[in-house]
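Participant: You'll find my_file.cif just under this line, and it carries mmCIF, C-alpha atoms and all ligand atoms.
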```cif
data_coords
#
loop_
_atom_site.group_PDB
_atom_site.id
_atom_site.type_symbol
_atom_site.label_atom_id
_atom_site.label_comp_id
_atom_site.auth_asym_id
_atom_site.auth_seq_id
_atom_site.Cartn_x
_atom_site.Cartn_y
_atom_site.Cartn_z
ATOM 1 C CA MET A 1 10.974 -15.099 -27.760
ATOM 2 C CA GLN A 2 12.076 -14.376 -24.234
ATOM 3 C CA ILE A 3 11.894 -17.269 -21.764
ATOM 4 C CA THR A 4 10.657 -16.461 -18.287
ATOM 5 C CA ARG A 5 9.143 -18.609 -15.557
ATOM 6 C CA ARG A 6 5.759 -17.189 -16.491
ATOM 7 C CA ARG A 7 6.222 -18.161 -20.154
ATOM 8 C CA LEU A 8 7.247 -21.719 -19.230
ATOM 9 C CA MET A 9 4.229 -22.110 -16.985
ATOM 10 C CA ALA A 10 1.903 -20.619 -19.582
ATOM 11 C CA THR A 11 3.069 -23.012 -22.297
ATOM 12 C CA GLY A 12 2.064 -25.946 -20.151
ATOM 13 C CA THR A 13 -1.353 -24.670 -19.183
ATOM 14 C CA ALA A 14 -2.503 -22.667 -22.204
ATOM 15 C CA ALA A 15 -4.393 -25.475 -23.932
ATOM 16 C CA LEU A 16 -6.212 -26.402 -20.734
ATOM 17 C CA ALA A 17 -7.024 -22.785 -19.899
ATOM 18 C CA ALA A 18 -8.388 -22.062 -23.341
ATOM 19 C CA SER A 19 -10.750 -24.991 -23.238
ATOM 20 C CA THR A 20 -12.041 -24.760 -19.686
ATOM 21 C CA LEU A 21 -12.036 -21.182 -18.467
ATOM 22 C CA PRO A 22 -14.888 -18.813 -19.231
ATOM 23 C CA ARG A 23 -13.717 -15.642 -20.954
ATOM 24 C CA ARG A 24 -14.209 -12.401 -19.115
ATOM 25 C CA GLY A 25 -16.063 -9.533 -20.684
ATOM 26 C CA TRP A 26 -14.247 -6.283 -21.311
ATOM 27 C CA THR A 27 -15.010 -3.040 -23.007
ATOM 28 C CA GLN A 28 -12.698 -1.704 -25.630
ATOM 29 C CA THR A 29 -12.810 1.585 -27.490
ATOM 30 C CA THR A 30 -10.473 2.576 -30.314
ATOM 31 C CA LEU A 31 -9.693 6.073 -31.546
ATOM 32 C CA SER A 32 -7.478 6.847 -34.543
ATOM 33 C CA LEU A 33 -5.354 10.013 -34.747
ATOM 34 C CA GLY A 34 -3.395 9.942 -37.984
ATOM 35 C CA ASP A 35 -0.701 7.296 -37.543
ATOM 36 C CA THR A 36 -1.574 6.810 -33.867
ATOM 37 C CA GLU A 37 -4.234 4.514 -32.483
ATOM 38 C CA ILE A 38 -5.510 4.862 -28.934
ATOM 39 C CA VAL A 39 -7.254 1.862 -27.447
ATOM 40 C CA THR A 40 -8.736 1.355 -24.009
ATOM 41 C CA LEU A 41 -8.389 -2.124 -22.581
ATOM 42 C CA SER A 42 -10.420 -3.170 -19.576
ATOM 43 C CA ASP A 43 -8.566 -4.307 -16.491
ATOM 44 C CA GLY A 44 -11.924 -5.222 -14.929
ATOM 45 C CA TRP A 45 -13.434 -3.179 -12.128
ATOM 46 C CA LEU A 46 -12.986 -2.239 -8.474
ATOM 47 C CA ASP A 47 -15.383 -3.011 -5.614
ATOM 48 C CA LEU A 48 -15.525 0.001 -3.306
ATOM 49 C CA PRO A 49 -17.670 0.730 -0.258
ATOM 50 C CA PRO A 50 -20.339 3.362 -1.023
ATOM 51 C CA GLY A 51 -18.794 6.045 1.183
ATOM 52 C CA PHE A 52 -15.335 5.808 -0.370
ATOM 53 C CA ILE A 53 -15.827 8.641 -2.852
ATOM 54 C CA PHE A 54 -18.927 10.398 -1.493
ATOM 55 C CA ALA A 55 -18.347 10.694 2.279
ATOM 56 C CA PRO A 56 -16.796 14.201 2.288
ATOM 57 C CA MET A 57 -19.318 15.648 -0.205
ATOM 58 C CA PRO A 58 -22.287 17.873 0.784
ATOM 59 C CA GLN A 59 -24.754 15.108 1.586
ATOM 60 C CA ASP A 60 -27.882 17.283 1.238
ATOM 61 C CA GLU A 61 -27.103 17.936 -2.433
ATOM 62 C CA LEU A 62 -25.432 14.622 -3.220
ATOM 63 C CA ALA A 63 -28.550 12.440 -3.518
ATOM 64 C CA ALA A 64 -30.004 14.499 -6.384
ATOM 65 C CA VAL A 65 -26.711 14.458 -8.309
ATOM 66 C CA LEU A 66 -26.309 10.704 -7.877
ATOM 67 C CA ALA A 67 -29.923 10.174 -8.964
ATOM 68 C CA GLN A 68 -29.149 12.014 -12.220
ATOM 69 C CA HIS A 69 -26.488 9.397 -12.891
ATOM 70 C CA GLY A 70 -28.594 6.445 -11.769
ATOM 71 C CA ILE A 71 -26.324 5.742 -8.793
ATOM 72 C CA ASP A 72 -27.765 4.274 -5.592
ATOM 73 C CA PRO A 73 -25.907 6.077 -2.756
ATOM 74 C CA GLY A 74 -26.171 3.020 -0.503
ATOM 75 C CA ALA A 75 -24.841 0.465 -2.983
ATOM 76 C CA PRO A 76 -21.198 -0.570 -3.386
ATOM 77 C CA LEU A 77 -19.395 1.207 -6.207
ATOM 78 C CA THR A 78 -17.934 -0.820 -9.048
ATOM 79 C CA PRO A 79 -15.895 1.636 -11.138
ATOM 80 C CA PRO A 80 -14.451 0.208 -14.360
ATOM 81 C CA CYS A 81 -10.684 0.320 -14.909
ATOM 82 C CA ASN A 82 -9.489 1.346 -18.383
ATOM 83 C CA VAL A 83 -5.834 0.966 -19.298
ATOM 84 C CA THR A 84 -4.892 3.063 -22.341
ATOM 85 C CA LEU A 85 -2.766 1.568 -25.126
ATOM 86 C CA LEU A 86 -1.054 3.774 -27.717
ATOM 87 C CA ARG A 87 -0.054 2.043 -30.937
ATOM 88 C CA ARG A 88 2.119 3.814 -33.511
ATOM 89 C CA GLY A 89 4.402 1.844 -35.828
ATOM 90 C CA ASP A 90 6.407 -0.493 -33.609
ATOM 91 C CA THR A 91 5.532 1.459 -30.456
ATOM 92 C CA LEU A 92 3.055 -0.229 -28.138
ATOM 93 C CA ALA A 93 2.816 1.963 -25.058
ATOM 94 C CA LEU A 94 0.585 1.319 -22.066
ATOM 95 C CA PHE A 95 -0.518 4.078 -19.726
ATOM 96 C CA ASP A 96 -0.533 2.176 -16.415
ATOM 97 C CA ALA A 97 -0.154 -1.543 -15.870
ATOM 98 C CA GLY A 98 -3.451 -2.543 -14.252
ATOM 99 C CA ALA A 99 -3.962 -4.066 -10.815
ATOM 100 C CA GLY A 100 -2.381 -7.488 -11.235
ATOM 101 C CA THR A 101 -3.699 -10.480 -9.314
ATOM 102 C CA GLN A 102 -3.199 -9.351 -5.714
ATOM 103 C CA PHE A 103 -5.288 -6.203 -5.296
ATOM 104 C CA SER A 104 -8.981 -6.694 -5.984
ATOM 105 C CA PRO A 105 -10.877 -9.820 -7.101
ATOM 106 C CA ASN A 106 -12.530 -8.283 -10.151
ATOM 107 C CA ALA A 107 -9.538 -6.256 -11.341
ATOM 108 C CA GLY A 108 -6.379 -7.536 -13.014
ATOM 109 C CA ALA A 109 -7.970 -8.550 -16.328
ATOM 110 C CA LEU A 110 -5.506 -6.615 -18.519
ATOM 111 C CA PRO A 111 -3.654 -9.794 -19.603
ATOM 112 C CA ASP A 112 -6.968 -11.188 -20.905
ATOM 113 C CA ALA A 113 -7.770 -7.932 -22.693
ATOM 114 C CA LEU A 114 -4.307 -7.860 -24.316
ATOM 115 C CA ASP A 115 -4.722 -11.469 -25.364
ATOM 116 C CA ALA A 116 -8.103 -10.686 -26.921
ATOM 117 C CA ALA A 117 -6.494 -7.787 -28.814
ATOM 118 C CA GLY A 118 -3.766 -10.140 -30.091
ATOM 119 C CA ILE A 119 -0.999 -8.355 -28.169
ATOM 120 C CA ASP A 120 1.828 -10.251 -26.460
ATOM 121 C CA PRO A 121 2.932 -8.536 -23.211
ATOM 122 C CA PHE A 122 6.533 -9.114 -24.333
ATOM 123 C CA ASP A 123 5.875 -6.773 -27.288
ATOM 124 C CA ILE A 124 4.865 -3.832 -25.089
ATOM 125 C CA THR A 125 7.572 -1.187 -25.587
ATOM 126 C CA HIS A 126 6.634 1.333 -22.861
ATOM 127 C CA VAL A 127 4.702 1.358 -19.594
ATOM 128 C CA ILE A 128 4.062 4.967 -18.542
ATOM 129 C CA PHE A 129 2.480 5.463 -15.134
ATOM 130 C CA THR A 130 -0.027 8.134 -14.135
ATOM 131 C CA HIS A 131 0.512 7.368 -10.431
ATOM 132 C CA GLY A 132 1.388 4.711 -7.889
ATOM 133 C CA HIS A 133 -2.023 3.454 -6.731
ATOM 134 C CA PRO A 134 -2.431 -0.337 -6.851
ATOM 135 C CA ASP A 135 -5.045 -0.450 -9.625
ATOM 136 C CA HIS A 136 -2.562 1.394 -11.869
ATOM 137 C CA LEU A 137 0.741 -0.086 -10.695
ATOM 138 C CA TRP A 138 0.526 -3.569 -9.234
ATOM 139 C CA GLY A 139 0.103 -5.310 -12.602
ATOM 140 C CA VAL A 140 3.708 -4.303 -13.337
ATOM 141 C CA LEU A 141 4.939 -7.591 -11.809
ATOM 142 C CA ASP A 142 3.822 -11.139 -12.525
ATOM 143 C CA ASP A 143 3.121 -13.740 -9.819
ATOM 144 C CA PHE A 144 6.871 -14.490 -9.640
ATOM 145 C CA ASP A 145 7.683 -10.819 -8.956
ATOM 146 C CA GLU A 146 9.215 -10.492 -12.411
ATOM 147 C CA PRO A 147 8.326 -7.560 -14.702
ATOM 148 C CA TYR A 148 5.147 -8.525 -16.553
ATOM 149 C CA PHE A 149 6.107 -6.335 -19.508
ATOM 150 C CA ALA A 150 9.642 -7.679 -19.574
ATOM 151 C CA ASN A 151 10.879 -5.819 -22.658
ATOM 152 C CA ALA A 152 9.264 -2.460 -21.924
ATOM 153 C CA GLU A 153 10.788 0.803 -20.797
ATOM 154 C CA HIS A 154 9.009 1.905 -17.607
ATOM 155 C CA TRP A 155 8.400 5.594 -16.932
ATOM 156 C CA MET A 156 7.085 7.323 -13.796
ATOM 157 C CA GLY A 157 6.962 10.962 -12.726
ATOM 158 C CA GLY A 158 9.937 11.656 -10.459
ATOM 159 C CA ALA A 159 7.906 13.182 -7.622
ATOM 160 C CA GLU A 160 5.456 10.280 -7.659
ATOM 161 C CA LEU A 161 8.230 7.686 -7.595
ATOM 162 C CA ASP A 162 9.976 9.476 -4.714
ATOM 163 C CA TYR A 163 6.718 9.663 -2.752
ATOM 164 C CA TRP A 164 5.956 5.927 -2.865
ATOM 165 C CA MET A 165 9.606 4.945 -2.302
ATOM 166 C CA ASP A 166 9.883 7.193 0.787
ATOM 167 C CA GLU A 167 9.888 5.350 4.132
ATOM 168 C CA GLY A 168 7.763 8.149 5.569
ATOM 169 C CA THR A 169 4.848 7.559 3.198
ATOM 170 C CA VAL A 170 3.790 4.235 4.723
ATOM 171 C CA ALA A 171 4.029 5.785 8.191
ATOM 172 C CA SER A 172 2.054 8.925 7.373
ATOM 173 C CA ILE A 173 -0.510 7.949 4.727
ATOM 174 C CA GLY A 174 -3.124 6.825 7.260
ATOM 175 C CA GLU A 175 -4.537 3.454 8.217
ATOM 176 C CA ALA A 176 -6.978 3.170 5.303
ATOM 177 C CA ARG A 177 -4.194 3.446 2.717
ATOM 178 C CA GLU A 178 -1.289 1.858 4.610
ATOM 179 C CA SER A 179 -1.352 -1.643 3.087
ATOM 180 C CA MET A 180 -1.690 -0.090 -0.342
ATOM 181 C CA ALA A 181 1.415 2.029 0.277
ATOM 182 C CA VAL A 182 3.365 -1.024 1.495
ATOM 183 C CA GLY A 183 2.418 -2.950 -1.657
ATOM 184 C CA SER A 184 3.287 -0.109 -4.007
ATOM 185 C CA LYS A 185 6.641 0.489 -2.303
ATOM 186 C CA ARG A 186 7.534 -3.198 -2.550
ATOM 187 C CA ARG A 187 6.827 -3.314 -6.282
ATOM 188 C CA LEU A 188 8.661 -0.069 -6.999
ATOM 189 C CA GLU A 189 11.711 -1.288 -5.058
ATOM 190 C CA ILE A 190 11.881 -4.246 -7.452
ATOM 191 C CA MET A 191 11.352 -2.029 -10.509
ATOM 192 C CA VAL A 192 13.194 1.174 -9.589
ATOM 193 C CA ASP A 193 16.407 0.498 -11.531
ATOM 194 C CA ARG A 194 14.354 0.049 -14.709
ATOM 195 C CA ILE A 195 12.250 3.180 -14.245
ATOM 196 C CA THR A 196 12.930 6.381 -16.175
ATOM 197 C CA ARG A 197 11.833 9.485 -14.289
ATOM 198 C CA PHE A 198 10.160 12.437 -15.983
ATOM 199 C CA SER A 199 8.768 15.846 -15.003
ATOM 200 C CA ASP A 200 5.915 18.184 -15.871
ATOM 201 C CA GLY A 201 6.025 19.277 -19.517
ATOM 202 C CA GLU A 202 8.427 16.559 -20.653
ATOM 203 C CA ALA A 203 7.709 14.373 -23.695
ATOM 204 C CA VAL A 204 7.519 10.711 -22.692
ATOM 205 C CA LEU A 205 7.098 9.661 -26.341
ATOM 206 C CA PRO A 206 7.260 11.799 -29.490
ATOM 207 C CA GLY A 207 4.150 13.995 -29.362
ATOM 208 C CA VAL A 208 3.096 12.779 -25.908
ATOM 209 C CA VAL A 209 3.627 15.405 -23.205
ATOM 210 C CA ALA A 210 3.284 14.902 -19.444
ATOM 211 C CA ALA A 211 1.180 17.309 -17.373
ATOM 212 C CA LEU A 212 1.575 17.347 -13.594
ATOM 213 C CA THR A 213 -1.936 16.970 -12.123
ATOM 214 C CA PRO A 214 -1.404 16.635 -8.347
ATOM 215 C CA GLY A 215 -3.883 16.066 -5.542
ATOM 216 C CA HIS A 216 -5.200 12.584 -6.198
ATOM 217 C CA THR A 217 -1.588 11.671 -5.381
ATOM 218 C CA PRO A 218 1.309 14.121 -4.893
ATOM 219 C CA GLY A 219 3.006 13.532 -8.244
ATOM 220 C CA HIS A 220 0.082 12.382 -10.395
ATOM 221 C CA MET A 221 0.671 12.825 -14.144
ATOM 222 C CA SER A 222 -1.721 13.127 -17.080
ATOM 223 C CA PHE A 223 -0.624 13.049 -20.720
ATOM 224 C CA VAL A 224 -1.600 14.957 -23.861
ATOM 225 C CA ILE A 225 -1.264 12.939 -27.055
ATOM 226 C CA GLY A 226 -0.997 14.947 -30.277
ATOM 227 C CA ASP A 227 -2.012 18.574 -30.693
ATOM 228 C CA GLY A 228 -4.696 20.818 -32.102
ATOM 229 C CA ALA A 229 -8.310 19.762 -32.431
ATOM 230 C CA GLU A 230 -7.419 16.064 -32.449
ATOM 231 C CA ALA A 231 -5.455 15.985 -29.190
ATOM 232 C CA VAL A 232 -6.360 13.431 -26.550
ATOM 233 C CA MET A 233 -5.654 13.683 -22.832
ATOM 234 C CA VAL A 234 -5.059 10.571 -20.767
ATOM 235 C CA LEU A 235 -6.337 11.810 -17.405
ATOM 236 C CA GLY A 236 -5.534 8.891 -15.125
ATOM 237 C CA ASP A 237 -7.393 9.643 -11.875
ATOM 238 C CA ALA A 238 -7.039 13.451 -11.999
ATOM 239 C CA ILE A 239 -10.737 13.381 -12.945
ATOM 240 C CA GLY A 240 -11.672 10.257 -11.050
ATOM 241 C CA ASN A 241 -15.110 9.333 -12.380
ATOM 242 C CA ASP A 242 -17.623 10.324 -15.058
ATOM 243 C CA HIS A 243 -20.415 11.214 -12.642
ATOM 244 C CA VAL A 244 -19.884 13.449 -9.588
ATOM 245 C CA ALA A 245 -16.431 14.660 -10.666
ATOM 246 C CA PHE A 246 -18.071 16.052 -13.825
ATOM 247 C CA SER A 247 -21.383 17.262 -12.382
ATOM 248 C CA ARG A 248 -19.765 18.934 -9.340
ATOM 249 C CA PRO A 249 -16.013 19.236 -10.057
ATOM 250 C CA GLY A 250 -15.585 21.624 -7.129
ATOM 251 C CA TRP A 251 -16.645 19.051 -4.522
ATOM 252 C CA VAL A 252 -13.899 17.279 -2.621
ATOM 253 C CA SER A 253 -13.707 13.516 -3.187
ATOM 254 C CA GLY A 254 -12.761 10.798 -0.716
ATOM 255 C CA SER A 255 -10.682 9.079 -3.382
ATOM 256 C CA ASP A 256 -8.191 11.973 -3.535
ATOM 257 C CA GLN A 257 -5.287 12.031 -1.065
ATOM 258 C CA ASP A 258 -4.984 15.854 -0.933
ATOM 259 C CA GLN A 259 -8.591 16.793 -1.544
ATOM 260 C CA GLU A 260 -8.225 20.574 -1.878
ATOM 261 C CA THR A 261 -5.294 20.317 -4.300
ATOM 262 C CA ALA A 262 -7.242 17.738 -6.286
ATOM 263 C CA VAL A 263 -10.186 20.134 -6.632
ATOM 264 C CA ALA A 264 -7.925 22.920 -7.932
ATOM 265 C CA THR A 265 -6.308 20.492 -10.391
ATOM 266 C CA ARG A 266 -9.687 19.174 -11.556
ATOM 267 C CA LEU A 267 -11.154 22.657 -12.145
ATOM 268 C CA ALA A 268 -8.034 23.741 -14.070
ATOM 269 C CA LEU A 269 -8.123 20.545 -16.122
ATOM 270 C CA PHE A 270 -11.752 21.087 -17.136
ATOM 271 C CA GLU A 271 -10.899 24.644 -18.189
ATOM 272 C CA ARG A 272 -8.017 23.396 -20.316
ATOM 273 C CA ILE A 273 -10.102 20.574 -21.804
ATOM 274 C CA MET A 274 -12.829 23.018 -22.858
ATOM 275 C CA ALA A 275 -10.381 25.680 -24.121
ATOM 276 C CA GLU A 276 -8.420 23.193 -26.228
ATOM 277 C CA GLY A 277 -11.348 20.942 -27.174
ATOM 278 C CA LEU A 278 -9.501 17.894 -25.885
ATOM 279 C CA THR A 279 -10.876 14.395 -26.133
ATOM 280 C CA VAL A 280 -10.321 12.664 -22.787
ATOM 281 C CA VAL A 281 -9.622 9.166 -21.503
ATOM 282 C CA GLY A 282 -10.530 8.455 -17.886
ATOM 283 C CA PHE A 283 -9.207 5.411 -16.079
ATOM 284 C CA HIS A 284 -12.483 4.961 -14.170
ATOM 285 C CA PHE A 285 -14.960 6.357 -16.729
ATOM 286 C CA GLY A 286 -17.724 4.119 -18.079
ATOM 287 C CA GLN A 287 -18.449 2.955 -21.629
ATOM 288 C CA GLY A 288 -14.835 2.420 -22.647
ATOM 289 C CA GLY A 289 -13.551 5.597 -21.003
ATOM 290 C CA ILE A 290 -12.930 7.744 -24.127
ATOM 291 C CA GLY A 291 -15.098 10.750 -24.905
ATOM 292 C CA SER A 292 -15.607 14.471 -25.095
ATOM 293 C CA VAL A 293 -16.619 16.959 -22.431
ATOM 294 C CA GLU A 294 -19.627 19.240 -22.528
ATOM 295 C CA ALA A 295 -20.337 22.201 -20.235
ATOM 296 C CA THR A 296 -23.589 22.025 -18.234
ATOM 297 C CA ALA A 297 -25.335 24.524 -15.946
ATOM 298 C CA GLU A 298 -23.333 23.538 -12.833
ATOM 299 C CA GLY A 299 -20.398 21.584 -14.208
ATOM 300 C CA TYR A 300 -19.651 19.261 -17.072
ATOM 301 C CA ALA A 301 -20.885 16.058 -18.684
ATOM 302 C CA PHE A 302 -18.957 13.151 -20.228
ATOM 303 C CA ARG A 303 -19.993 12.169 -23.739
ATOM 304 C CA PRO A 304 -18.436 8.791 -24.510
ATOM 305 C CA VAL A 305 -17.293 7.826 -27.991
ATOM 306 C CA THR A 306 -19.198 4.640 -28.688
HETATM 307 ZN ZN ZN B 1 -5.712 6.404 -8.031
#
```
Is it possible to give me this structure as structure tokens?
Ligand SMILES: [Zn+2]
Facilitator:
Amino acid sequence: MQITRRRLMATGTAALAASTLPRRGWTQTTLSLGDTEIVTLSDGWLDLPPGFIFAPMPQDELAAVLAQHGIDPGAPLTPPCNVTLLRRGDTLALFDAGAGTQFSPNAGALPDALDAAGIDPFDITHVIFTHGHPDHLWGVLDDFDEPYFANAEHWMGGAELDYWMDEGTVASIGEARESMAVGSKRRLEIMVDRITRFSDGEAVLPGVVAALTPGHTPGHMSFVIGDGAEAVMVLGDAIGNDHVAFSRPGWVSGSDQDQETAVATRLALFERIMAEGLTVVGFHFGQGGIGSVEATAEGYAFRPVT
């Protein structure tokens, strides 16, 4: 067992914590593909202002679409956060690391979800990032700024890593995202020597191939696990929700950094998903985040595996 400051602290407080703290709820969905198991673990949820996603959309048509999904346009949004775990033999690979403790009060629950699944963070072999946003990246470090998954290989798309490490990003990203960019840069500076870079089309694990899906962020990556009718695509935020992004995939979204590029990526992704019959995992989709996609009159619908 590896000794870290976090481990020493945890040993002292575990008994107390177990007896006094209420357990958080989390969703968890498991899918088996031959020798590979895909599990979503809840990192909790975000608390976003109502306009965050919807502001740039055609407001005259938006209300009816939101009503179909039971969403109150004036209420805060609380999208769930699903971290994907791939288990195959001794491989325990996470797609994204969750938000950690310093981003959002109701996110950062991944350690609890791992604990509930009986998984020690020291046994995680790979952490493979979709992109550098805080809810996906900031859980990479513990409260002592040490790698939370201390024994894991860490992988990030080269273009995405370069973007968040670039001095110019903090200066140019805009006021609303500036503190986020500062926080992501700081964490990546600590981690960069441990990070393996990869590109579009490269295998990050045997049978797991990266697909560049830019727009949400410049170097955003999705991943296809397996092939044929059983293949599963870990989308990250390339399709950012299971409501408007499905019903009206051609509408720009306020959550995407380059909104036009994100639309083109999203439309191409849906075409690929339908053509290949892919099962999908969405980081911010409801009901565990894993499901299939169905065509509808004006877009698509998410059909969760439950
Ligand atoms: Zn994101």
Participant: Neighbouring residues of Ala210 (chain A) were defined as those with any atom within 12 Å, considering all atoms listed in the file; residues of the same chain fewer than 4 positions away were excluded. Please report them as number ranges by chain.
Facilitator: A: 95, 128-130, 155-158, 197-206, 219-226, 233-236
Participant: Between A:Ile38, A:Val192, A:Leu48, A:Ile124, which has the minimum distance to Leu85 (chain A) (counting all atoms listed in the file)?
Facilitator: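 Looking at the shortest contact to Leu85 (chain A), the residue is A:Ile38.
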Participant: Report as a list in words all protein, DNA and RNA residues lying within 9 Å of Gln257 (chain A), evaluated on only C-alpha atoms, omitting residues in the same chain fewer than 3 positions from it.
Facilitator: Ile173, Gly215, His216, Thr217, Pro218, Ser253, Gly254, Thr261 and Ala262 of chain A
Participant: What residues of the protein or nucleic acid chains come within 10 Å of ligand ZN 1 (chain B) when you use all atoms listed in the file? Reply as an NGL selection string.
Facilitator: :A and (130-137 or 216-217 or 220 or 236-240 or 255-257 or 283-284)
Participant: Which distance in Å separates CA of Thr30 (chain A) and CA of Ala245 (chain A), to one decimal?
Facilitator: 23.8 Å
Participant: Expressed in Å to a single decimal, how great is the separation between CA of Ala150 (chain A) and CA of Pro121 (chain A)?
Facilitator: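 Here the two named atoms are 7.7 Å from each other.
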Participant: What lies within 9 Å of Trp164 (chain A) using all atoms listed in the file, ignoring chain neighbours under 2 positions off, as a ChimeraX atom specification?
Facilitator: /A:132,159-162,166-170,181-182,184-185,188
Participant: If you measure from CA of Val281 (chain A) to CA of Asp242 (chain A), what distance in Å do you get, rounded to one decimal?
Facilitator: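 Answer for the CA of Val281 (chain A) to CA of Asp242 (chain A) separation: 10.3 Å.
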Participant: Output region 97-103 of chain A with all heavy atoms present, as a PDB file, in the frame of the given file.
Facilitator:
```
ATOM      1  N   ALA A  97      -0.380  -0.105 -15.692  1.00  0.00           N
ATOM      2  CA  ALA A  97      -0.154  -1.543 -15.870  1.00  0.00           C
ATOM      3  C   ALA A  97      -1.287  -2.404 -15.322  1.00  0.00           C
ATOM      4  O   ALA A  97      -1.201  -3.630 -15.329  1.00  0.00           O
ATOM      5  CB  ALA A  97       1.168  -1.926 -15.183  1.00  0.00           C
ATOM      6  N   GLY A  98      -2.361  -1.758 -14.842  1.00  0.00           N
ATOM      7  CA  GLY A  98      -3.451  -2.543 -14.252  1.00  0.00           C
ATOM      8  C   GLY A  98      -3.099  -3.016 -12.852  1.00  0.00           C
ATOM      9  O   GLY A  98      -2.023  -2.738 -12.315  1.00  0.00           O
ATOM     10  N   ALA A  99      -4.035  -3.738 -12.252  1.00  0.00           N
ATOM     11  CA  ALA A  99      -3.962  -4.066 -10.815  1.00  0.00           C
ATOM     12  C   ALA A  99      -3.202  -5.353 -10.510  1.00  0.00           C
ATOM     13  O   ALA A  99      -2.845  -5.594  -9.353  1.00  0.00           O
ATOM     14  CB  ALA A  99      -5.373  -4.174 -10.254  1.00  0.00           C
ATOM     15  N   GLY A 100      -2.996  -6.194 -11.532  1.00  0.00           N
ATOM     16  CA  GLY A 100      -2.381  -7.488 -11.235  1.00  0.00           C
ATOM     17  C   GLY A 100      -3.340  -8.372 -10.447  1.00  0.00           C
ATOM     18  O   GLY A 100      -4.538  -8.064 -10.305  1.00  0.00           O
ATOM     19  N   THR A 101      -2.824  -9.461  -9.908  1.00  0.00           N
ATOM     20  CA  THR A 101      -3.699 -10.480  -9.314  1.00  0.00           C
ATOM     21  C   THR A 101      -3.892 -10.323  -7.815  1.00  0.00           C
ATOM     22  O   THR A 101      -4.670 -11.053  -7.217  1.00  0.00           O
ATOM     23  CB  THR A 101      -3.120 -11.881  -9.575  1.00  0.00           C
ATOM     24  OG1 THR A 101      -1.793 -11.920  -9.017  1.00  0.00           O
ATOM     25  CG2 THR A 101      -3.058 -12.190 -11.052  1.00  0.00           C
ATOM     26  N   GLN A 102      -3.190  -9.368  -7.181  1.00  0.00           N
ATOM     27  CA  GLN A 102      -3.199  -9.351  -5.714  1.00  0.00           C
ATOM     28  C   GLN A 102      -3.912  -8.156  -5.093  1.00  0.00           C
ATOM     29  O   GLN A 102      -3.775  -7.917  -3.896  1.00  0.00           O
ATOM     30  CB  GLN A 102      -1.755  -9.425  -5.200  1.00  0.00           C
ATOM     31  CG  GLN A 102      -1.144 -10.784  -5.474  1.00  0.00           C
ATOM     32  CD  GLN A 102       0.367 -10.797  -5.293  1.00  0.00           C
ATOM     33  OE1 GLN A 102       0.903 -10.047  -4.489  1.00  0.00           O
ATOM     34  NE2 GLN A 102       1.039 -11.653  -6.050  1.00  0.00           N
ATOM     35  N   PHE A 103      -4.666  -7.395  -5.881  1.00  0.00           N
ATOM     36  CA  PHE A 103      -5.288  -6.203  -5.296  1.00  0.00           C
ATOM     37  C   PHE A 103      -6.777  -6.364  -5.054  1.00  0.00           C
ATOM     38  O   PHE A 103      -7.263  -6.182  -3.944  1.00  0.00           O
ATOM     39  CB  PHE A 103      -5.003  -4.974  -6.156  1.00  0.00           C
ATOM     40  CG  PHE A 103      -5.679  -3.728  -5.647  1.00  0.00           C
ATOM     41  CD1 PHE A 103      -5.449  -3.277  -4.361  1.00  0.00           C
ATOM     42  CD2 PHE A 103      -6.557  -3.020  -6.458  1.00  0.00           C
ATOM     43  CE1 PHE A 103      -6.091  -2.137  -3.883  1.00  0.00           C
ATOM     44  CE2 PHE A 103      -7.194  -1.882  -5.984  1.00  0.00           C
ATOM     45  CZ  PHE A 103      -6.957  -1.444  -4.700  1.00  0.00           C
TER      46      PHE A 103
END
```
